[in-house]
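The structure appears below as structure tokens.
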Amino acid sequence: MTAADTELQPKKKGLTRRQKRRLSRGVQYVVFVAALVALAVGADWDRLQNQFAQKDIAREMFPDVITLALKNTVLYTVSGFVLALVLGLVLALMRLSSVGPYRWVAGVYIEIFRGLPALLIFIFIGVAVPLAFPGTEIVGGTYGKAALALGLVGAAYLAETFRAGIQAVPKGQMEAARSLGFSPARAMVSIIIPQAFRIILPPMTNEFVILFKDSSLVLLLGVTLEERELSKFGRDLASTTANSTPILVAGLCYLLVTIPLGFVVRRMEAKAQEAVK
């Protein structure tokens with residue numbers, strides 16, 4: 001075969017890049033649908049329903065699961081978040097301070113409390129503090145202990161969030177405030193921190209969601225029947241009824257709060273990106 005004959009033969013064409021992407025996407029859809037079908041066919045739905053979806057047991061949980069358990073969970077979370085907000089802002093300002101010891105203390109605190117599991121913090125508040133200071137009671141009882149534990153955990157993360165937000169504010173804002181006669185402290189409080197709050201609002205809301213879930217550790221502090229949060233409430237009823245339906249209902253109550261908050265966070269992030277554009 002001559003070179004001329006070779007040139008006359010039609011060239012084999014492979015798949016284009018777009019066709020490859022479509023083929024890959026189609027394969028992924030097929031695998032996903034096959035996994036769903038296998039799950040639907042292989043699961044024993046009757047046993048799952050008997051163990052997790054007993055309507056009579058779920059009905060008996062109301063209204064206490066809302067008026068008691070969910071209410072306490074929200075109270076624990078809000079009080080802990082407020083403390084974390086205040087302490088986190090103070091720690092962030094210490095990290096940005098020109099005073100060396102302030103930066104060192106804040107850095108040590110953040111590294112320790114970010115590295116320790118929240119479980120250990122609750123055990124420390126519930127066990128170590130009473131042993132170290134006999135006869136000393138934390139104000140608010142269980143609610144005060146829960147707020148302190150959640151606040152200590154959340155402050156370490158919020159401090160870094162605040163620091164990033166403050167540093168994200170253009171330096172010209174501080175210079176402009178100083179040129180108008182503002183002192184550094186007044187410029188920080190009146191100009192910089194409000195702008196930083198707007199920047200860090202989405203991650204700050206995410207931290208609230210994390211604390212909301214960490215409030216399940218309040219049971220380690222020893223709670224009364226009237227102080228139970230969602231997880232403790234669900235576990236107690238699950239033990240009493242020998243059924244896991246209360247656990248499922250408690251989980252759905254968590255989602256009643258976390259899903260709307262997640263939607264709010266996504267909306268805020270989208271608006272922030274639009275503002276940047």
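Every chain in the structure tokens takes a letter, A first, then B, and so on in the order presented; its residues are numbered from 1, and the ligands are numbered from 1 following the presented order.
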Point to revise | Close residues, Val249 of chain A itself excluded, 8 Å, only C-alpha atoms, min 3 positions apart in chain, as a list in words | key: Ala58, Gly234, Thr245, Pro246, Leu252 and Cys253 of chain A
**Study point:** Residues within 12 Å of Val265 of chain A, only C-alpha atoms, excluding chain neighbours under 6 positions, as a ChimeraX atom specification
**Key:** /A:200-209,258-259,271-272
Save the residues we just selected, C-alpha atoms, as a short mmCIF file (atom, residue, chain, number, x, y, z; two decimals), in the first residue's frame?
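Done, and the output landed in part_29.cif:
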```cif
data_model
loop_
_atom_site.label_atom_id
_atom_site.label_comp_id
_atom_site.auth_asym_id
_atom_site.auth_seq_id
_atom_site.Cartn_x
_atom_site.Cartn_y
_atom_site.Cartn_z
CA ILE A 200 -18.22 36.21 58.75
CA LEU A 201 -22.00 35.84 59.05
CA PRO A 202 -22.17 32.58 57.01
CA PRO A 203 -19.37 30.73 58.88
CA MET A 204 -20.71 32.09 62.17
CA THR A 205 -24.10 30.55 61.38
CA ASN A 206 -22.37 27.27 60.59
CA GLU A 207 -20.77 27.37 64.02
CA PHE A 208 -24.22 27.80 65.57
CA VAL A 209 -25.35 24.62 63.79
CA THR A 258 -30.39 22.64 61.01
CA ILE A 259 -31.94 22.41 57.50
CA LYS A 271 -25.50 37.20 48.30
CA ALA A 272 -21.93 37.75 49.47
#
```
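Atom CA of Thr73 of chain A to atom CA of Asp56 of chain A spans 24.1 Å [interatomic distance, one decimal].
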Exercise for review: Run DSSP on the backbone and give me the residues of segment 14-159 of chain A it puts in alpha helix (DSSP H), as a VMD selection string.
Suggested key: chain A and resid 17 to 42 45 to 52 55 to 60 64 71 to 95 100 to 115 118 to 123 129 to 132 141 to 159
Exercise for review: Would you mind listing what lies within 7 Å of segment 136-150 of chain A as number ranges by chain, with only C-alpha atoms counted and same-chain residues fewer than 6 positions away left out?
Suggested key: A: 76, 79-80, 121-122, 125, 130, 211, 218, 221, 223
Exercise for review: For segment 81-87 of chain A, please output as number ranges by chain all residues within 7 Å (counting only C-alpha atoms; exclusion window: fewer than 6 positions along the same chain).
Suggested key: A: 151-152, 154-155, 158, 208
Review point. Got a sec: who's within 6 Å of Ala92 of chain A, counting only C-alpha atoms, leaving out chain neighbours fewer than 2 positions off, as a ChimeraX atom specification?
Key: /A:89-90,94-95,159,162-163
Review point. How many Å lie between atom CA of Phe32 of chain A and atom CA of Leu248 of chain A, rounded to one decimal?
Key: 25.5 Å
Check your understanding: What is the distance, in Å and to one decimal place, between atom CA of Glu226 of chain A and atom CA of Ala132 of chain A?
Key ->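 Separation between atom CA of Glu226 of chain A and atom CA of Ala132 of chain A: 27.6 Å.
Of the listed residues (A:Ser183, A:Thr241, A:Ser98, A:Thr77), A:Thr77 comes nearest to Leu217 of chain A; the distances count only C-alpha atoms.
Compared by their closest atoms to Ala156 of chain A, and using only C-alpha atoms, the residues A:Lys55, A:Leu230, A:Ala43, A:Leu116 rank with A:Leu116 nearest.
Among the candidates A:Ala176, A:Ala69, A:Ala40, A:Ala187, the one nearest to Thr224 of chain A when counting only C-alpha atoms is A:Ala69.
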